[in-house]
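Asker: If it helps, the file is called input-v8.pdb and holds PDB, C-alpha atoms, pLDDT in the B column:
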ATOM      1  CA  MET C   1      90.751  96.325 117.226  1.00 46.00           C
ATOM      2  CA  SER C   2      92.909  94.013 115.125  1.00 48.00           C
ATOM      3  CA  ASP C   3      95.656  91.835 116.569  1.00 52.00           C
ATOM      4  CA  THR C   4      97.733  92.268 113.405  1.00 59.00           C
ATOM      5  CA  PRO C   5     100.767  94.592 113.527  1.00 75.00           C
ATOM      6  CA  GLY C   6     100.028  98.222 112.794  1.00 91.00           C
ATOM      7  CA  PHE C   7     100.916  99.941 109.527  1.00 96.00           C
ATOM      8  CA  ARG C   8     103.156 102.942 108.999  1.00 97.00           C
ATOM      9  CA  VAL C   9     100.892 105.388 107.189  1.00 98.00           C
ATOM     10  CA  ILE C  10     101.492 108.602 105.266  1.00 98.00           C
ATOM     11  CA  LEU C  11      98.381 110.749 105.166  1.00 97.00           C
ATOM     12  CA  ALA C  12      97.833 113.480 102.564  1.00 96.00           C
ATOM     13  CA  GLU C  13      94.773 115.633 103.257  1.00 95.00           C
ATOM     14  CA  ASP C  14      94.454 119.427 103.144  1.00 92.00           C
ATOM     15  CA  SER C  15      91.518 119.639 105.573  1.00 91.00           C
ATOM     16  CA  VAL C  16      93.027 120.025 109.039  1.00 92.00           C
ATOM     17  CA  LEU C  17      89.936 118.644 110.777  1.00 91.00           C
ATOM     18  CA  LEU C  18      89.736 115.531 108.618  1.00 92.00           C
ATOM     19  CA  ARG C  19      93.493 115.022 108.725  1.00 93.00           C
ATOM     20  CA  ASP C  20      93.597 115.184 112.515  1.00 94.00           C
ATOM     21  CA  GLY C  21      90.533 112.951 112.737  1.00 93.00           C
ATOM     22  CA  LEU C  22      92.142 110.301 110.542  1.00 94.00           C
ATOM     23  CA  VAL C  23      95.371 110.430 112.544  1.00 95.00           C
ATOM     24  CA  GLY C  24      93.383 109.714 115.700  1.00 94.00           C
ATOM     25  CA  LEU C  25      91.239 107.031 114.068  1.00 94.00           C
ATOM     26  CA  LEU C  26      94.225 105.152 112.646  1.00 95.00           C
ATOM     27  CA  GLY C  27      96.003 105.384 115.981  1.00 95.00           C
ATOM     28  CA  ARG C  28      93.044 103.730 117.710  1.00 94.00           C
ATOM     29  CA  PHE C  29      93.585 100.688 115.486  1.00 94.00           C
ATOM     30  CA  GLY C  30      97.296 100.481 116.175  1.00 95.00           C
ATOM     31  CA  HIS C  31      98.504 102.219 113.019  1.00 96.00           C
ATOM     32  CA  THR C  32     101.094 105.014 113.078  1.00 96.00           C
ATOM     33  CA  VAL C  33     100.842 108.090 110.873  1.00 97.00           C
ATOM     34  CA  VAL C  34     104.537 108.779 110.235  1.00 97.00           C
ATOM     35  CA  ALA C  35     103.753 111.943 108.242  1.00 97.00           C
ATOM     36  CA  ALA C  36     100.618 114.020 107.672  1.00 96.00           C
ATOM     37  CA  VAL C  37     100.898 116.462 104.759  1.00 96.00           C
ATOM     38  CA  SER C  38      98.600 118.836 102.912  1.00 94.00           C
ATOM     39  CA  ASP C  39      99.923 118.972  99.336  1.00 94.00           C
ATOM     40  CA  PRO C  40     101.425 116.766  96.594  1.00 94.00           C
ATOM     41  CA  ASP C  41     104.993 118.000  97.089  1.00 95.00           C
ATOM     42  CA  GLY C  42     104.815 117.134 100.764  1.00 96.00           C
ATOM     43  CA  LEU C  43     103.451 113.710  99.864  1.00 96.00           C
ATOM     44  CA  HIS C  44     106.353 112.910  97.522  1.00 96.00           C
ATOM     45  CA  GLU C  45     108.882 114.103 100.103  1.00 97.00           C
ATOM     46  CA  ALA C  46     107.259 112.110 102.900  1.00 97.00           C
ATOM     47  CA  VAL C  47     107.196 108.873 100.895  1.00 97.00           C
ATOM     48  CA  ALA C  48     110.874 109.268  99.992  1.00 96.00           C
ATOM     49  CA  ALA C  49     111.791 109.967 103.609  1.00 97.00           C
ATOM     50  CA  HIS C  50     109.694 107.329 105.371  1.00 96.00           C
ATOM     51  CA  GLU C  51     109.052 104.430 102.913  1.00 94.00           C
ATOM     52  CA  PRO C  52     105.586 103.798 104.421  1.00 97.00           C
ATOM     53  CA  ASP C  53     103.500 100.636 104.439  1.00 97.00           C
ATOM     54  CA  VAL C  54     100.597 102.538 102.879  1.00 97.00           C
ATOM     55  CA  VAL C  55      99.622 105.993 101.612  1.00 97.00           C
ATOM     56  CA  VAL C  56      96.164 107.487 102.211  1.00 97.00           C
ATOM     57  CA  THR C  57      95.519 110.550 100.074  1.00 96.00           C
ATOM     58  CA  ASP C  58      92.754 112.891  99.005  1.00 94.00           C
ATOM     59  CA  VAL C  59      92.092 113.427  95.276  1.00 90.00           C
ATOM     60  CA  ARG C  60      91.731 117.212  95.262  1.00 89.00           C
ATOM     61  CA  MET C  61      94.510 119.162  96.961  1.00 89.00           C
ATOM     62  CA  PRO C  62      96.286 122.516  96.696  1.00 88.00           C
ATOM     63  CA  PRO C  63      97.141 124.457  94.701  1.00 87.00           C
ATOM     64  CA  GLY C  64      94.366 123.928  92.154  1.00 85.00           C
ATOM     65  CA  PHE C  65      92.038 121.556  94.016  1.00 85.00           C
ATOM     66  CA  GLN C  66      91.526 119.519  90.856  1.00 83.00           C
ATOM     67  CA  ALA C  67      93.273 116.135  90.841  1.00 86.00           C
ATOM     68  CA  GLU C  68      96.640 116.954  92.391  1.00 91.00           C
ATOM     69  CA  GLY C  69      96.437 114.188  94.984  1.00 91.00           C
ATOM     70  CA  LEU C  70      95.391 111.626  92.395  1.00 89.00           C
ATOM     71  CA  ARG C  71      98.204 112.637  90.033  1.00 90.00           C
ATOM     72  CA  ALA C  72     100.684 112.351  92.893  1.00 93.00           C
ATOM     73  CA  ALA C  73      99.323 108.876  93.684  1.00 92.00           C
ATOM     74  CA  VAL C  74      99.703 107.783  90.049  1.00 90.00           C
ATOM     75  CA  GLU C  75     103.274 109.146  89.938  1.00 92.00           C
ATOM     76  CA  LEU C  76     104.135 107.294  93.157  1.00 93.00           C
ATOM     77  CA  ARG C  77     102.726 104.074  91.708  1.00 90.00           C
ATOM     78  CA  GLN C  78     104.826 104.525  88.581  1.00 87.00           C
ATOM     79  CA  GLU C  79     107.932 104.956  90.748  1.00 90.00           C
ATOM     80  CA  ARG C  80     106.957 102.230  93.238  1.00 91.00           C
ATOM     81  CA  PRO C  81     104.491  99.866  91.479  1.00 87.00           C
ATOM     82  CA  ARG C  82     103.695  97.903  94.639  1.00 88.00           C
ATOM     83  CA  LEU C  83     103.310 100.843  97.022  1.00 94.00           C
ATOM     84  CA  PRO C  84      99.879 100.437  98.670  1.00 96.00           C
ATOM     85  CA  ILE C  85      97.740 103.529  98.092  1.00 96.00           C
ATOM     86  CA  LEU C  86      94.213 104.241  99.274  1.00 95.00           C
ATOM     87  CA  VAL C  87      92.684 107.303  97.600  1.00 93.00           C
ATOM     88  CA  LEU C  88      89.769 109.159  99.174  1.00 93.00           C
ATOM     89  CA  SER C  89      87.369 111.265  97.118  1.00 90.00           C
ATOM     90  CA  GLN C  90      84.498 113.564  98.017  1.00 88.00           C
ATOM     91  CA  TYR C  91      82.524 112.608  94.907  1.00 81.00           C
ATOM     92  CA  VAL C  92      82.243 109.696  92.492  1.00 79.00           C
ATOM     93  CA  GLU C  93      84.797 110.399  89.787  1.00 77.00           C
ATOM     94  CA  THR C  94      85.166 107.279  87.678  1.00 75.00           C
ATOM     95  CA  ARG C  95      87.885 108.820  85.503  1.00 76.00           C
ATOM     96  CA  TYR C  96      90.110 109.328  88.529  1.00 77.00           C
ATOM     97  CA  ALA C  97      89.334 105.845  89.832  1.00 77.00           C
ATOM     98  CA  THR C  98      90.251 104.171  86.547  1.00 77.00           C
ATOM     99  CA  GLU C  99      93.413 106.269  86.184  1.00 79.00           C
ATOM    100  CA  LEU C 100      94.579 105.032  89.572  1.00 81.00           C
ATOM    101  CA  LEU C 101      93.671 101.416  88.834  1.00 78.00           C
ATOM    102  CA  ASP C 102      95.580 101.585  85.552  1.00 77.00           C
ATOM    103  CA  ALA C 103      98.763 102.691  87.364  1.00 76.00           C
ATOM    104  CA  GLY C 104     101.066  99.793  88.194  1.00 73.00           C
ATOM    105  CA  ASP C 105      99.628  96.280  88.119  1.00 74.00           C
ATOM    106  CA  GLY C 106      96.266  97.172  89.680  1.00 77.00           C
ATOM    107  CA  THR C 107      97.018  95.533  93.017  1.00 85.00           C
ATOM    108  CA  HIS C 108      97.629  97.298  96.352  1.00 91.00           C
ATOM    109  CA  VAL C 109      95.217 100.117  95.431  1.00 91.00           C
ATOM    110  CA  GLY C 110      91.901 101.402  96.665  1.00 91.00           C
ATOM    111  CA  TYR C 111      89.476 104.192  95.791  1.00 90.00           C
ATOM    112  CA  LEU C 112      86.840 105.109  98.377  1.00 91.00           C
ATOM    113  CA  LEU C 113      84.383 107.924  98.893  1.00 91.00           C
ATOM    114  CA  LYS C 114      85.053 109.947 102.023  1.00 89.00           C
ATOM    115  CA  ASP C 115      81.597 109.021 103.299  1.00 85.00           C
ATOM    116  CA  ARG C 116      82.970 105.496 103.714  1.00 80.00           C
ATOM    117  CA  ILE C 117      85.218 106.737 106.550  1.00 82.00           C
ATOM    118  CA  GLY C 118      82.059 107.049 108.629  1.00 83.00           C
ATOM    119  CA  ASP C 119      81.918 103.258 108.739  1.00 87.00           C
ATOM    120  CA  VAL C 120      85.142 102.890 110.694  1.00 91.00           C
ATOM    121  CA  ASP C 121      85.390  99.108 110.475  1.00 89.00           C
ATOM    122  CA  GLU C 122      84.828  99.180 106.713  1.00 87.00           C
ATOM    123  CA  PHE C 123      87.453 101.882 106.226  1.00 92.00           C
ATOM    124  CA  VAL C 124      90.074 100.079 108.322  1.00 92.00           C
ATOM    125  CA  ASP C 125      89.296  96.791 106.576  1.00 91.00           C
ATOM    126  CA  ALA C 126      89.774  98.484 103.187  1.00 91.00           C
ATOM    127  CA  LEU C 127      93.165  99.767 104.364  1.00 94.00           C
ATOM    128  CA  ARG C 128      94.150  96.257 105.469  1.00 93.00           C
ATOM    129  CA  ARG C 129      93.083  94.730 102.144  1.00 91.00           C
ATOM    130  CA  VAL C 130      95.032  97.311 100.124  1.00 94.00           C
ATOM    131  CA  VAL C 131      98.199  96.656 102.134  1.00 95.00           C
ATOM    132  CA  ALA C 132      97.692  92.903 101.653  1.00 92.00           C
ATOM    133  CA  GLY C 133      97.661  93.352  97.872  1.00 89.00           C
ATOM    134  CA  GLY C 134      93.957  93.678  97.245  1.00 87.00           C
ATOM    135  CA  THR C 135      92.016  96.048  95.021  1.00 86.00           C
ATOM    136  CA  VAL C 136      89.259  98.003  96.768  1.00 88.00           C
ATOM    137  CA  VAL C 137      86.748 100.114  94.839  1.00 86.00           C
ATOM    138  CA  ASP C 138      83.887 102.052  96.377  1.00 87.00           C
ATOM    139  CA  PRO C 139      80.498 100.410  95.703  1.00 82.00           C
ATOM    140  CA  GLU C 140      79.125 103.633  94.204  1.00 84.00           C
ATOM    141  CA  VAL C 141      81.987 103.767  91.692  1.00 81.00           C
ATOM    142  CA  VAL C 142      81.224 100.157  90.747  1.00 78.00           C
ATOM    143  CA  ARG C 143      77.536 101.013  90.251  1.00 77.00           C
ATOM    144  CA  GLN C 144      78.407 103.908  87.951  1.00 77.00           C
ATOM    145  CA  LEU C 145      80.775 101.722  85.925  1.00 72.00           C
ATOM    146  CA  LEU C 146      78.030  99.120  85.610  1.00 69.00           C
ATOM    147  CA  ARG C 147      75.561 101.741  84.358  1.00 70.00           C
ATOM    148  CA  ARG C 148      78.019 102.755  81.631  1.00 66.00           C
ATOM    149  CA  ARG C 149      78.074  99.254  80.204  1.00 60.00           C
ATOM    150  CA  ARG C 150      75.480  97.795  77.846  1.00 59.00           C
ATOM    151  CA  ASP C 151      75.860  94.298  76.387  1.00 62.00           C
ATOM    152  CA  PRO C 152      76.865  91.818  77.694  1.00 70.00           C
ATOM    153  CA  VAL C 153      76.114  93.151  81.203  1.00 74.00           C
ATOM    154  CA  GLU C 154      72.476  93.300  80.131  1.00 77.00           C
ATOM    155  CA  SER C 155      72.524  89.505  79.834  1.00 80.00           C
ATOM    156  CA  LEU C 156      73.185  89.125  83.561  1.00 84.00           C
ATOM    157  CA  THR C 157      70.365  88.299  85.938  1.00 90.00           C
ATOM    158  CA  GLY C 158      69.544  90.632  88.818  1.00 89.00           C
ATOM    159  CA  ARG C 159      71.316  88.363  91.283  1.00 92.00           C
ATOM    160  CA  GLU C 160      74.358  88.116  89.007  1.00 90.00           C
ATOM    161  CA  ARG C 161      74.560  91.916  88.885  1.00 86.00           C
ATOM    162  CA  GLU C 162      74.548  92.008  92.683  1.00 89.00           C
ATOM    163  CA  VAL C 163      77.322  89.428  92.810  1.00 90.00           C
ATOM    164  CA  LEU C 164      79.322  91.235  90.101  1.00 85.00           C
ATOM    165  CA  ALA C 165      79.189  94.511  92.047  1.00 84.00           C
ATOM    166  CA  LEU C 166      80.488  92.774  95.165  1.00 87.00           C
ATOM    167  CA  VAL C 167      83.235  90.998  93.208  1.00 85.00           C
ATOM    168  CA  ALA C 168      84.368  94.349  91.795  1.00 79.00           C
ATOM    169  CA  GLU C 169      84.547  95.718  95.337  1.00 78.00           C
ATOM    170  CA  GLY C 170      87.153  93.066  96.088  1.00 78.00           C
ATOM    171  CA  ARG C 171      85.024  90.823  98.294  1.00 83.00           C
ATOM    172  CA  SER C 172      85.735  87.111  98.735  1.00 85.00           C
ATOM    173  CA  ASN C 173      83.146  84.427  97.985  1.00 89.00           C
ATOM    174  CA  SER C 174      82.449  83.969 101.696  1.00 92.00           C
ATOM    175  CA  ALA C 175      81.960  87.719 102.198  1.00 90.00           C
ATOM    176  CA  ILE C 176      79.597  87.883  99.206  1.00 92.00           C
ATOM    177  CA  ALA C 177      77.636  84.922 100.553  1.00 94.00           C
ATOM    178  CA  ALA C 178      77.279  86.629 103.935  1.00 94.00           C
ATOM    179  CA  ALA C 179      76.195  89.921 102.355  1.00 92.00           C
ATOM    180  CA  LEU C 180      73.533  88.246 100.181  1.00 94.00           C
ATOM    181  CA  HIS C 181      72.521  85.607 102.761  1.00 94.00           C
ATOM    182  CA  VAL C 182      73.151  82.706 100.379  1.00 94.00           C
ATOM    183  CA  ALA C 183      75.410  79.650 100.382  1.00 93.00           C
ATOM    184  CA  GLU C 184      79.025  80.098  99.291  1.00 93.00           C
ATOM    185  CA  ALA C 185      78.548  77.379  96.674  1.00 92.00           C
ATOM    186  CA  SER C 186      75.750  79.459  95.171  1.00 94.00           C
ATOM    187  CA  VAL C 187      78.080  82.466  94.938  1.00 92.00           C
ATOM    188  CA  ALA C 188      80.728  80.369  93.159  1.00 90.00           C
ATOM    189  CA  LYS C 189      78.105  79.211  90.663  1.00 92.00           C
ATOM    190  CA  HIS C 190      76.986  82.784  89.978  1.00 91.00           C
ATOM    191  CA  ILE C 191      80.584  83.922  89.477  1.00 88.00           C
ATOM    192  CA  ARG C 192      81.298  81.145  86.976  1.00 86.00           C
ATOM    193  CA  SER C 193      78.189  82.186  85.045  1.00 87.00           C
ATOM    194  CA  ILE C 194      79.181  85.868  85.149  1.00 85.00           C
ATOM    195  CA  LEU C 195      82.706  85.238  83.880  1.00 81.00           C
ATOM    196  CA  ILE C 196      81.362  83.115  81.029  1.00 81.00           C
ATOM    197  CA  LYS C 197      78.790  85.747  80.004  1.00 81.00           C
ATOM    198  CA  LEU C 198      81.389  88.532  80.141  1.00 77.00           C
ATOM    199  CA  GLY C 199      83.906  86.482  78.181  1.00 75.00           C
ATOM    200  CA  LEU C 200      86.469  86.622  80.990  1.00 72.00           C
ATOM    201  CA  PRO C 201      88.892  83.818  81.865  1.00 66.00           C
ATOM    202  CA  PRO C 202      88.274  82.041  85.172  1.00 64.00           C
ATOM    203  CA  ALA C 203      90.561  83.124  88.011  1.00 61.00           C
ATOM    204  CA  GLU C 204      91.012  81.483  91.376  1.00 59.00           C
ATOM    205  CA  GLU C 205      92.995  84.292  92.972  1.00 61.00           C
ATOM    206  CA  THR C 206      90.631  86.942  94.324  1.00 64.00           C
ATOM    207  CA  HIS C 207      92.542  90.045  93.249  1.00 64.00           C
ATOM    208  CA  ARG C 208      93.037  88.696  89.705  1.00 66.00           C
ATOM    209  CA  ARG C 209      89.305  88.082  89.463  1.00 72.00           C
ATOM    210  CA  VAL C 210      88.649  91.641  90.616  1.00 75.00           C
ATOM    211  CA  LEU C 211      91.118  93.066  88.095  1.00 68.00           C
ATOM    212  CA  ALA C 212      89.502  91.105  85.271  1.00 68.00           C
ATOM    213  CA  VAL C 213      86.042  92.422  86.153  1.00 74.00           C
ATOM    214  CA  LEU C 214      87.240  96.011  86.588  1.00 73.00           C
ATOM    215  CA  ALA C 215      89.128  95.874  83.278  1.00 66.00           C
ATOM    216  CA  PHE C 216      85.891  94.821  81.592  1.00 68.00           C
ATOM    217  CA  LEU C 217      83.859  97.567  83.273  1.00 70.00           C
ATOM    218  CA  ARG C 218      86.420 100.236  82.333  1.00 66.00           C
ATOM    219  CA  SER C 219      86.642  99.198  78.680  1.00 57.00           C
TER     220      SER C 219
END
Any chance you could put this one into structure tokens?
Answerer:
Amino acid sequence: MSDTPGFRVILAEDSVLLRDGLVGLLGRFGHTVVAAVSDPDGLHEAVAAHEPDVVVTDVRMPPGFQAEGLRAAVELRQERPRLPILVLSQYVETRYATELLDAGDGTHVGYLLKDRIGDVDEFVDALRRVVAGGTVVDPEVVRQLLRRRRDPVESLTGREREVLALVAEGRSNSAIAAALHVAEASVAKHIRSILIKLGLPPAEETHRRVLAVLAFLRS
């Protein structure tokens, strides 16, 4: 468990089993679910009442089970541009992911597949990064965005594509180096090459680098 102070979380999920499971999981890591709701109206009311540190919400919720949770998240971001929100989705839906990322300034947001909850440490780390101002995107969403692009992504080497995918997930140079079992200096070199090939300005701050890459992939 982390030694950092726990977050005050609002959870929006219509599945009782998953909702209760997430309440217990977050509690194990020292976080407090101040409200657990099952629909968009309840989510708006809970945020107004509790002013949470972070919102975790499903995409599809009652009454139509389309994108009610996502629309509520976008509306909350428009009202509170720096409210941390982590959206969970059953399937890869790049349109929903990009709509969320385009709300506000692109920081303090995350979009994960529900399967990612199975890796508890990864899920809790994603929550921490979103609260800290990061941008977290599920690796499968990144892969689908990459497949949509042609030139100049096609000019990237295989290793550069691997690095680009990890950058878009919001990982630091040291985390990318550990994942690929290479030196951190090598990662920095690959990133400089990627940014040049994609015509993106260099950025030292991690979340700005992520936003630049995601903006390119969404275009």
Asker: Would you mind listing what lies within 12 Å of C:Asp115 as a PyMOL selection string, with only C-alpha atoms counted and same-chain residues fewer than 3 positions away left out?
Answerer: chain C and resi 18+88-92+111-112+118-120+122-123+138-140
Asker: Report the distance between atom CA of C:Arg171 and atom CA of C:Leu22 in Å, rounded to one decimal place.
Answerer: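 It comes out at 24.1 Å.
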Asker: Name the closest residue to C:Leu100 among the candidates C:Leu86, C:Val74, C:Asp125, C:Val55; distances are taken between atoms, counting all atoms listed in the file.
Answerer: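 Using all atoms listed in the file, the shortest distance to C:Leu100 belongs to C:Val74.
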Asker: List the residues matched by the PyMOL selection byres ((chain C and resi 46) around 10) in the displayed structure as number ranges by chain, ordered by chain and then by residue number.
Answerer: C: 10-12, 34-37, 40-45, 47-52, 55
Asker: Using all atoms listed in the file for the distances, tell me which of C:Val136, C:Ala183, C:Leu217, C:Asp53 is nearest to C:Leu164.
Answerer: C:Leu217
Asker: Here's the selection I'm unsure about, the PyMOL selection byres ((chain C and resi 172) around 12); applied to the file above, which residues does it give, as a PyMOL selection string?
Answerer: chain C and resi 129+134-136+163-171+173-179+184+187-188+191+204-210
Asker: Report, in Å to a single decimal, how far apart atom CA of C:Thr98 and atom CA of C:Ile196 are.
Answerer: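 Those two atoms sit 23.5 Å apart.
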Asker: Could you tell me how far atom CA of C:Ala132 lies from atom CA of C:Val56, in Å and to one decimal?
Answerer: 14.7 Å
Asker: With distances taken over only C-alpha atoms, which residue among C:Leu70, C:Leu156, C:Val9, C:Leu101 lies nearest C:Ser193?
Answerer: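 Answer, going by the shortest atom-to-atom distance: C:Leu156.
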